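Listing of final-v5.txt; format and content: compact mmCIF, C-alpha atoms.
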# COMPACT_ATOMS: atom_id res chain seq x y z
CA MET A 21 56.67 172.67 41.06
CA GLU A 22 59.60 171.44 38.98
CA PRO A 23 60.74 167.88 39.76
CA VAL A 24 63.90 167.76 41.82
CA ASP A 25 66.93 166.01 40.36
CA ILE A 26 67.39 162.98 42.60
CA ARG A 27 71.15 163.08 41.99
CA LEU A 28 71.23 166.02 44.40
CA PHE A 29 70.28 163.53 47.10
CA TYR A 30 73.38 161.42 46.50
CA ALA A 31 75.66 164.39 46.04
CA TYR A 32 74.59 166.60 48.93
CA LEU A 33 71.73 165.44 51.11
CA LEU A 34 72.64 161.83 51.90
CA PRO A 35 76.07 162.72 53.36
CA ILE A 36 74.37 165.38 55.48
CA PHE A 37 71.74 162.92 56.70
CA ALA A 38 74.40 160.37 57.56
CA PHE A 39 76.39 163.00 59.47
CA MET A 40 73.25 163.95 61.39
CA GLY A 41 73.08 160.54 62.97
CA GLY A 42 72.14 157.77 60.58
CA PRO A 43 68.71 156.18 60.30
CA MET A 44 67.32 157.87 63.41
CA ALA A 45 68.24 161.37 62.29
CA THR A 46 65.47 163.94 62.07
CA MET A 47 64.65 166.91 59.92
CA GLY A 48 62.45 169.69 61.19
CA GLY A 49 61.55 167.58 64.19
CA ALA A 50 60.15 164.76 62.08
CA SER A 51 61.59 161.29 62.33
CA LEU A 52 63.16 159.97 59.16
CA LYS A 53 62.69 156.41 60.31
CA GLY A 54 59.06 156.23 59.29
CA CYS A 55 59.69 156.97 55.65
CA GLY A 56 61.20 153.77 54.34
CA PHE A 57 60.43 151.92 51.14
CA PRO A 58 56.81 150.74 51.15
CA ALA A 59 57.59 147.91 48.72
CA VAL A 60 60.32 146.00 46.89
CA TYR A 61 60.04 144.64 43.35
CA ASN A 62 62.71 142.13 42.40
CA PHE A 63 63.87 140.83 39.02
CA GLY A 64 66.35 138.01 38.66
CA ASP A 65 67.20 134.33 38.49
CA SER A 66 67.47 131.51 41.04
CA ASN A 67 69.80 133.59 43.21
CA SER A 68 66.73 135.62 44.21
CA ASP A 69 63.79 133.37 43.24
CA THR A 70 61.49 132.98 46.27
CA GLY A 71 59.18 130.46 44.60
CA GLY A 72 58.42 131.55 41.06
CA ILE A 73 59.84 128.63 39.13
CA SER A 74 58.61 126.24 41.83
CA ALA A 75 55.04 127.51 41.26
CA ALA A 76 55.29 127.59 37.47
CA MET A 77 57.14 124.36 36.79
CA THR A 78 58.12 121.74 39.38
CA GLN A 79 58.07 122.22 43.14
CA VAL A 80 61.48 122.66 44.75
CA PRO A 81 61.81 119.58 47.00
CA PRO A 82 63.22 119.12 50.51
CA PRO A 83 65.76 119.47 52.04
CA ASN A 84 65.64 122.93 50.44
CA GLY A 85 64.43 125.39 53.06
CA GLU A 86 65.29 123.17 56.05
CA SER A 87 67.63 125.57 57.89
CA PHE A 88 65.18 128.46 58.26
CA PHE A 89 61.69 127.69 57.00
CA GLY A 90 61.67 124.05 58.09
CA HIS A 91 60.19 123.02 54.76
CA PRO A 92 60.64 123.80 51.05
CA SER A 93 59.93 127.46 50.36
CA GLY A 94 60.50 127.61 46.62
CA ARG A 95 64.09 128.74 47.13
CA PHE A 96 67.15 126.87 45.86
CA CYS A 97 68.79 127.13 49.26
CA ASP A 98 68.64 125.63 52.72
CA GLY A 99 67.20 128.93 53.99
CA ARG A 100 67.10 132.61 53.12
CA LEU A 101 68.43 134.32 50.02
CA ILE A 102 70.00 137.77 49.83
CA ILE A 103 66.66 139.21 48.66
CA ASP A 104 65.10 137.90 51.88
CA LEU A 105 67.80 139.63 53.90
CA ILE A 106 67.18 142.85 51.96
CA ALA A 107 63.50 142.62 52.90
CA GLU A 108 64.48 142.14 56.53
CA LYS A 109 66.78 145.17 56.42
CA VAL A 110 64.08 147.47 55.07
CA LYS A 111 61.57 145.93 57.51
CA LEU A 112 59.24 144.43 54.93
CA PRO A 113 57.79 140.90 54.62
CA TYR A 114 59.50 138.36 52.40
CA LEU A 115 58.46 138.86 48.78
CA SER A 116 55.70 136.71 47.35
CA PRO A 117 56.52 135.31 43.91
CA TYR A 118 54.40 136.81 41.16
CA LEU A 119 53.75 133.38 39.63
CA ASP A 120 52.44 131.82 42.86
CA SER A 121 48.64 131.82 43.09
CA VAL A 122 48.34 130.49 46.64
CA GLY A 123 48.87 132.44 49.85
CA THR A 124 50.43 135.48 48.21
CA ASN A 125 50.44 139.04 49.55
CA PHE A 126 51.57 141.82 47.24
CA ARG A 127 51.00 144.82 49.49
CA ASN A 128 54.74 145.28 50.03
CA GLY A 129 56.01 144.19 46.63
CA ALA A 130 56.40 141.16 44.41
CA ASN A 131 59.17 138.93 43.14
CA PHE A 132 59.38 138.35 39.39
CA ALA A 133 62.64 136.38 39.58
CA THR A 134 62.56 132.77 38.42
CA GLY A 135 65.20 130.07 38.46
CA GLY A 136 67.19 129.77 35.24
CA SER A 137 66.26 133.24 33.98
CA SER A 138 68.60 135.33 31.89
CA ILE A 139 68.53 138.88 30.58
CA ARG A 140 68.26 137.81 26.95
CA PRO A 141 65.67 135.34 25.66
CA GLY A 142 66.70 131.88 24.54
CA GLY A 143 68.49 130.68 27.67
CA PHE A 144 67.63 128.09 30.30
CA SER A 145 64.20 129.55 31.12
CA PRO A 146 61.32 131.15 29.21
CA PHE A 147 61.05 133.82 31.91
CA HIS A 148 63.81 136.12 30.68
CA LEU A 149 64.06 139.71 31.93
CA GLY A 150 61.85 141.07 29.15
CA ILE A 151 59.07 138.70 30.22
CA GLN A 152 59.55 139.67 33.87
CA ILE A 153 59.21 143.36 32.97
CA SER A 154 56.06 142.62 30.95
CA GLN A 155 54.66 140.74 33.92
CA PHE A 156 55.38 143.71 36.17
CA ILE A 157 53.69 146.19 33.81
CA GLN A 158 50.60 143.99 33.63
CA PHE A 159 50.69 143.46 37.41
CA LYS A 160 50.88 147.21 38.05
CA SER A 161 48.07 147.98 35.63
CA ARG A 162 45.67 145.31 36.83
CA THR A 163 46.25 145.68 40.56
CA SER A 164 45.92 149.47 40.34
CA ALA A 165 42.64 149.14 38.43
CA VAL A 166 41.21 146.67 40.94
CA TYR A 167 42.44 148.70 43.92
CA ASN A 168 40.85 151.91 42.61
CA GLN A 169 37.55 150.17 41.80
CA LEU A 170 37.09 148.88 45.33
CA ARG A 171 35.22 151.38 47.48
CA THR A 172 35.52 149.39 50.68
CA THR A 173 38.45 147.55 52.18
CA PRO A 174 37.65 143.83 51.90
CA PRO A 175 40.34 141.45 53.13
CA PHE A 176 41.81 140.86 49.68
CA LYS A 177 42.28 144.59 49.05
CA SER A 178 44.85 144.65 51.83
CA ASN A 179 46.88 142.15 49.81
CA LEU A 180 47.09 144.49 46.83
CA PRO A 181 49.80 147.12 46.34
CA ARG A 182 48.75 150.74 46.79
CA PRO A 183 49.09 152.47 43.41
CA ARG A 184 50.95 155.41 44.97
CA ASP A 185 53.66 153.05 46.27
CA PHE A 186 55.02 152.01 42.87
CA SER A 187 57.02 155.23 42.48
CA LYS A 188 58.34 154.97 46.05
CA ALA A 189 59.37 151.30 45.91
CA LEU A 190 62.84 149.83 45.64
CA TYR A 191 63.54 147.94 42.40
CA THR A 192 66.22 145.27 42.77
CA PHE A 193 68.10 143.27 40.15
CA ASP A 194 70.23 140.13 40.42
CA ILE A 195 70.47 138.71 36.93
CA GLY A 196 73.04 138.04 34.21
CA GLN A 197 74.82 134.95 35.54
CA ASN A 198 72.77 132.63 33.33
CA ASP A 199 73.53 134.65 30.21
CA LEU A 200 77.19 133.86 30.77
CA ALA A 201 76.61 130.27 31.88
CA TYR A 202 74.44 129.49 28.86
CA GLY A 203 77.00 131.08 26.60
CA PHE A 204 79.82 129.00 28.03
CA GLN A 205 77.77 125.82 27.56
CA HIS A 206 76.62 126.48 24.01
CA THR A 207 79.19 128.82 22.43
CA ASN A 208 82.84 129.71 22.91
CA GLU A 209 84.65 132.30 24.98
CA GLU A 210 84.94 134.84 22.17
CA GLN A 211 81.21 134.62 21.43
CA VAL A 212 80.33 135.07 25.09
CA ARG A 213 82.47 138.20 25.26
CA ALA A 214 80.92 139.55 22.05
CA SER A 215 77.41 139.00 23.47
CA ILE A 216 77.88 141.20 26.54
CA PRO A 217 77.02 144.58 24.91
CA ASP A 218 73.72 143.21 23.59
CA ILE A 219 72.91 141.59 26.95
CA LEU A 220 73.42 144.90 28.71
CA SER A 221 71.54 146.82 26.05
CA GLN A 222 68.52 144.67 26.85
CA PHE A 223 69.11 145.23 30.57
CA SER A 224 69.13 148.98 29.94
CA LYS A 225 65.90 148.69 27.95
CA ALA A 226 64.26 146.93 30.91
CA VAL A 227 65.31 149.69 33.31
CA HIS A 228 63.97 152.34 30.93
CA GLN A 229 60.63 150.53 30.84
CA LEU A 230 60.43 150.47 34.63
CA TYR A 231 61.40 154.14 34.80
CA LYS A 232 58.57 154.96 32.39
CA GLU A 233 56.23 153.15 34.79
CA GLY A 234 57.37 155.41 37.62
CA ALA A 235 60.24 153.40 39.15
CA ARG A 236 62.89 155.67 40.65
CA PHE A 237 65.02 153.68 43.12
CA PHE A 238 67.22 150.92 41.67
CA TRP A 239 69.51 148.50 43.55
CA ILE A 240 71.58 146.55 41.00
CA HIS A 241 73.81 143.57 41.85
CA ASN A 242 76.63 142.69 39.51
CA THR A 243 77.17 139.03 38.70
CA GLY A 244 79.14 136.74 40.99
CA PRO A 245 82.28 134.69 40.32
CA ILE A 246 80.64 132.04 38.15
CA GLY A 247 83.97 130.23 37.83
CA CYS A 248 83.96 129.52 41.57
CA LEU A 249 80.76 127.50 41.54
CA PRO A 250 81.62 123.86 42.25
CA TYR A 251 79.50 122.91 39.24
CA SER A 252 81.69 125.09 36.99
CA VAL A 253 84.90 123.63 38.37
CA ILE A 254 83.71 120.01 38.06
CA TYR A 255 82.59 120.36 34.46
CA ASP A 256 85.40 122.62 33.24
CA LYS A 257 87.21 120.64 30.57
CA SER A 258 90.37 122.71 30.64
CA LYS A 259 91.38 122.28 34.29
CA PRO A 260 93.83 122.30 36.01
CA ASN A 261 95.58 124.84 33.79
CA ASN A 262 92.69 127.29 33.97
CA LEU A 263 92.22 127.25 37.74
CA ASP A 264 93.33 130.23 39.82
CA GLN A 265 94.85 130.20 43.32
CA SER A 266 91.38 129.77 44.86
CA GLY A 267 90.53 126.79 42.67
CA CYS A 268 88.13 128.76 40.44
CA VAL A 269 87.89 128.61 36.65
CA LYS A 270 89.86 131.68 35.63
CA PRO A 271 88.38 132.33 32.14
CA GLN A 272 84.83 132.23 33.50
CA ASN A 273 85.64 134.66 36.28
CA GLU A 274 87.44 136.96 33.88
CA MET A 275 84.31 137.01 31.73
CA ALA A 276 82.18 137.80 34.76
CA GLN A 277 84.52 140.68 35.60
CA GLU A 278 84.25 142.00 32.04
CA PHE A 279 80.47 141.75 32.26
CA ASN A 280 80.57 143.67 35.52
CA ARG A 281 82.85 146.36 34.11
CA GLN A 282 80.43 146.97 31.27
CA LEU A 283 77.44 146.78 33.62
CA LYS A 284 78.93 149.49 35.83
CA ASP A 285 79.45 151.67 32.76
CA LYS A 286 75.85 151.01 31.71
CA VAL A 287 74.59 152.07 35.14
CA SER A 288 76.58 155.31 34.80
CA GLN A 289 74.88 155.90 31.44
CA LEU A 290 71.48 155.22 33.00
CA ARG A 291 72.15 157.90 35.62
CA LEU A 292 72.62 160.43 32.82
CA GLN A 293 69.71 159.19 30.71
CA LEU A 294 67.23 158.93 33.62
CA PRO A 295 68.06 161.95 35.80
CA TYR A 296 65.28 161.42 38.36
CA GLY A 297 66.42 157.87 39.11
CA ALA A 298 68.64 156.80 42.02
CA PHE A 299 70.94 153.95 40.97
CA THR A 300 73.01 151.90 43.41
CA TYR A 301 75.49 149.50 41.79
CA VAL A 302 76.52 146.71 44.19
CA ASP A 303 79.78 144.77 43.76
CA VAL A 304 78.58 141.32 44.81
CA TYR A 305 81.41 139.69 42.85
CA SER A 306 84.15 141.05 45.12
CA VAL A 307 82.37 139.98 48.29
CA LYS A 308 81.63 136.45 47.09
CA TYR A 309 85.16 135.97 45.80
CA ALA A 310 86.59 137.24 49.11
CA LEU A 311 84.50 134.65 50.94
CA ILE A 312 85.53 131.80 48.65
CA SER A 313 89.23 132.69 48.70
CA ASN A 314 89.23 132.90 52.50
CA ALA A 315 86.65 130.23 53.29
CA GLN A 316 88.42 128.28 56.00
CA ASN A 317 89.41 131.39 57.94
CA GLN A 318 85.73 132.35 57.94
CA GLY A 319 84.68 129.02 59.42
CA PHE A 320 83.62 127.26 56.22
CA VAL A 321 84.78 124.00 54.67
CA ASP A 322 86.54 123.81 51.30
CA PRO A 323 84.43 126.09 49.02
CA MET A 324 84.45 123.45 46.28
CA ASN A 325 82.46 121.11 48.50
CA PHE A 326 78.69 121.42 48.63
CA CYS A 327 75.96 120.13 50.88
CA CYS A 328 73.13 118.73 48.75
CA GLY A 329 73.10 116.66 45.57
CA SER A 330 76.04 115.20 43.69
CA PHE A 331 78.03 115.91 40.54
CA TYR A 332 80.81 113.45 41.32
CA GLY A 333 80.38 110.20 39.44
CA TYR A 334 76.63 110.65 39.08
CA HIS A 335 74.58 113.81 38.62
CA ILE A 336 71.95 113.83 41.36
CA ASP A 337 69.94 117.02 41.88
CA CYS A 338 69.46 118.30 45.42
CA GLY A 339 66.46 116.57 46.94
CA LYS A 340 66.95 113.33 45.02
CA LYS A 341 68.94 110.17 45.75
CA ALA A 342 70.28 107.30 43.73
CA THR A 343 71.91 104.01 44.72
CA VAL A 344 74.60 102.78 42.36
CA ASN A 345 76.50 99.57 43.15
CA GLY A 346 75.47 99.91 46.78
CA THR A 347 76.62 103.53 47.08
CA VAL A 348 73.95 106.14 47.88
CA TYR A 349 74.44 109.43 46.06
CA GLY A 350 72.63 112.62 47.00
CA ASN A 351 72.52 112.44 50.80
CA PRO A 352 72.58 116.01 52.16
CA CYS A 353 75.21 117.10 54.66
CA HIS A 354 74.47 117.41 58.37
CA HIS A 355 75.74 120.96 58.86
CA PRO A 356 74.74 123.28 55.97
CA SER A 357 76.03 126.33 57.84
CA LYS A 358 79.59 125.09 57.28
CA TYR A 359 79.22 125.17 53.50
CA ILE A 360 79.42 128.13 51.12
CA SER A 361 77.72 126.19 48.33
CA TRP A 362 74.38 124.58 49.04
CA ASP A 363 74.00 122.43 45.93
CA GLY A 364 77.00 123.13 43.73
CA ILE A 365 75.31 126.09 42.00
CA HIS A 366 73.52 128.10 44.68
CA TYR A 367 74.84 129.58 47.90
CA SER A 368 73.88 128.39 51.36
CA GLN A 369 71.97 130.56 53.80
CA ALA A 370 75.17 130.96 55.85
CA ALA A 371 77.02 132.26 52.80
CA ASN A 372 74.13 134.55 51.88
CA LEU A 373 74.21 136.01 55.38
CA TRP A 374 77.98 136.56 55.15
CA VAL A 375 77.62 138.32 51.79
CA ALA A 376 74.57 140.37 52.80
CA ASN A 377 76.29 141.67 55.93
CA ARG A 378 78.95 143.19 53.69
CA ILE A 379 76.95 144.49 50.74
CA LEU A 380 73.97 145.98 52.57
CA ASN A 381 76.11 148.38 54.63
CA GLY A 382 77.26 150.26 51.55
CA SER A 383 80.90 149.13 51.67
CA PHE A 384 80.70 147.67 48.15
CA SER A 385 78.16 150.06 46.65
CA ASN A 386 78.50 152.87 44.16
CA PRO A 387 77.62 155.38 45.52
CA PRO A 388 78.67 154.11 48.98
CA VAL A 389 75.29 154.17 50.71
CA SER A 390 73.76 151.43 52.82
CA ILE A 391 70.34 150.06 52.08
CA GLU A 392 69.20 151.31 55.48
CA GLN A 393 70.20 154.85 54.56
CA LEU A 394 68.23 154.53 51.36
CA SER A 395 65.30 153.05 53.26
CA HIS A 396 65.09 155.35 56.27
CA GLN A 397 66.49 158.70 55.28
CA PHE A 398 63.83 159.78 52.81
CA TYR A 399 61.85 162.34 54.77
CA TRP A 400 62.71 164.98 52.21
CA PHE A 401 61.80 162.68 49.35
CA CYS A 402 58.56 161.64 50.97
CA GLU A 403 57.54 165.26 50.65
CA VAL A 404 58.64 165.78 47.03
CA LEU A 405 58.43 162.24 45.66
CA PRO A 406 54.98 162.70 44.02
CA SER A 407 56.60 165.15 41.62
CA PHE A 408 58.99 162.40 40.44
CA ALA A 409 56.18 160.26 39.05
CA PRO A 410 55.43 160.69 35.35
CA GLU A 411 52.05 161.97 34.28
CA GLN A 412 49.58 159.11 34.00

Step by step, read the file and then write its structure as structure tokens.
Amino acid sequence: MEPVDIRLFYAYLLPIFAFMGGPMATMGGASLKGCGFPAVYNFGDSNSDTGGISAAMTQVPPPNGESFFGHPSGRFCDGRLIIDLIAEKVKLPYLSPYLDSVGTNFRNGANFATGGSSIRPGGFSPFHLGIQISQFIQFKSRTSAVYNQLRTTPPFKSNLPRPRDFSKALYTFDIGQNDLAYGFQHTNEEQVRASIPDILSQFSKAVHQLYKEGARFFWIHNTGPIGCLPYSVIYDKSKPNNLDQSGCVKPQNEMAQEFNRQLKDKVSQLRLQLPYGAFTYVDVYSVKYALISNAQNQGFVDPMNFCCGSFYGYHIDCGKKATVNGTVYGNPCHHPSKYISWDGIHYSQAANLWVANRILNGSFSNPPVSIEQLSHQFYWFCEVLPSFAPEQ
């Protein structure tokens, strides 16, 4: 049987499925609901790190995690990240970080994202995207070998991914912000702009590697308005002339928009180069900027305020305190849900929920499909999906 071009799904079948009644639609009497993604594999930076850098380097301290988990969870947030909300939407457990050796369960995927990561090497973190892809390839090879060697089903086998699920999983990306941030800190604007094609070339290489390993379903976030981070505004040396009407650093946001324009073009190229892949490009930038520019009408405080840590007068990381001349710096706020920014760099759980509610329904996706449609309406692909996998 010849493999079916997955682009036919986007062009013809998905609109039909949606017209038939959404996630509960049926085909041939069979429910489509039971054929969702069996796993999610995520690659990214601190915007989607669920504990990788905390396990590898230094534990993320309280009050991180207080609003949802009640304790630090390895996330740079008071609660859930967008990747957590994606897992909820596709009815899977929260992703265990690949680098965490304690209490992990990889049956339904793994998270290779780590705080500070960039696409290219040489940034804030050693765990750039190329390393994350290498970790995934090793993870897939070793877990598949162990799984296939086990004749029985001991407890730890149930924590391993099923080898057949790798080609049916959703592969998510939220990375690129640190490439720009590092560039702004260590080079100039022209050099940052000139670096974008190489950054995206390496991103494309990573996707090709995953595709070769059998990955077929890709959910790709563009980068957010880096110039709207309170940290960026505080340390921008050119303000106020470079601030826009929302108080964001205009040159940084313009660079993020240029990055996103080229990323969208790169995704279009990937669709042509990898014809059996399904690529969803998600415009996170527009949603985050809409929230920041309309913060008070959405029930939030000034978006340039943040809840935890301090960059005013003294730099105090979230979770730490310092007393200077009788003034205590670093006390967290009492109502994190009123803040868009948790710590000046990362978004609060409330902001993540606001953004997720708008990006996961397909309103800002290309093609315009919701993650639930991708998750639940795959009865047809559950039947033909084995033919998508490359020969092993």

Next item on the list: Please write as a ChimeraX atom specification the list of polymer residues whose atoms come within 12 Å of (75.4, 139.7, 55.2), counting all atoms listed in the file and keeping to the coordinates of the file.
Entry: /A:100-106,108-109,304,307-308,311,369-384,391

Check: Can you list, as JSON, numbers by chain, every protein, DNA or RNA residue that comes within 12 Å of Tyr349 of chain A when you count only C-alpha atoms, leaving out same-chain residues fewer than 3 positions away?
Finding: {"A": [327, 328, 329, 330, 331, 332, 333, 334, 335, 336, 337, 338, 339, 340, 341, 342, 343, 344, 345, 346, 352, 353]}

Item checked: Separation of atom CA of Gly135 of chain A from atom CA of Thr78 of chain A in Å -> 11.0 Å

Give me the residues of segment 91-178 of chain A that have any atom at most 12 Å from an atom of segment 219-232 of chain A; for each, the nearest atom pair and the distance in Å, rounded to one decimal. Use all atoms listed in the file, sort by chain and number, and format it as JSON lines.
{"residue": "A:Ser138", "atom": "CA", "partner": "A:Ile219", "partner_atom": "CA", "distance": 9.1}
{"residue": "A:Ile139", "atom": "CA", "partner": "A:Ile219", "partner_atom": "CA", "distance": 6.3}
{"residue": "A:Arg140", "atom": "CA", "partner": "A:Ile219", "partner_atom": "CA", "distance": 6.0}
{"residue": "A:Pro141", "atom": "CA", "partner": "A:Ile219", "partner_atom": "CA", "distance": 9.7}
{"residue": "A:Gly142", "atom": "CA", "partner": "A:Ile219", "partner_atom": "CA", "distance": 11.8}
{"residue": "A:Gly143", "atom": "CA", "partner": "A:Ile219", "partner_atom": "CA", "distance": 11.8}
{"residue": "A:His148", "atom": "CA", "partner": "A:Gln222", "partner_atom": "CA", "distance": 10.5}
{"residue": "A:Leu149", "atom": "CA", "partner": "A:Ala226", "partner_atom": "CA", "distance": 7.3}
{"residue": "A:Gly150", "atom": "CA", "partner": "A:Ala226", "partner_atom": "CA", "distance": 6.6}
{"residue": "A:Ile151", "atom": "CA", "partner": "A:Ala226", "partner_atom": "CA", "distance": 9.8}
{"residue": "A:Gln152", "atom": "CA", "partner": "A:Ala226", "partner_atom": "CA", "distance": 9.1}
{"residue": "A:Ile153", "atom": "CA", "partner": "A:Ala226", "partner_atom": "CA", "distance": 6.5}
{"residue": "A:Ser154", "atom": "CA", "partner": "A:Gln229", "partner_atom": "CA", "distance": 9.1}
{"residue": "A:Gln155", "atom": "CA", "partner": "A:Leu230", "partner_atom": "CA", "distance": 11.3}
{"residue": "A:Phe156", "atom": "CA", "partner": "A:Leu230", "partner_atom": "CA", "distance": 8.6}
{"residue": "A:Ile157", "atom": "CA", "partner": "A:Leu230", "partner_atom": "CA", "distance": 8.0}
{"residue": "A:Gln158", "atom": "CA", "partner": "A:Leu230", "partner_atom": "CA", "distance": 11.8}
{"residue": "A:Lys160", "atom": "CA", "partner": "A:Leu230", "partner_atom": "CA", "distance": 10.7}

Notebook entry, point to check: For the atom pair atom CA of Phe320 of chain A and atom CA of Ser266 of chain A, what is the interatomic distance in Å to one decimal place?
Noted result: 14.0 Å

Item checked: Distance of atom CA of His206 of chain A from atom CA of Asp285 of chain A, expressed in Å to one decimal place ->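 Between atom CA of Asp285 of chain A and atom CA of His206 of chain A the gap is 26.8 Å.
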
Margin query: Here is a test: counting all atoms listed in the file, which residue of A:Gln318, A:Pro117, A:Pro183, A:Gln282 is nearest to Gln169 of chain A?
Written below: A:Pro183
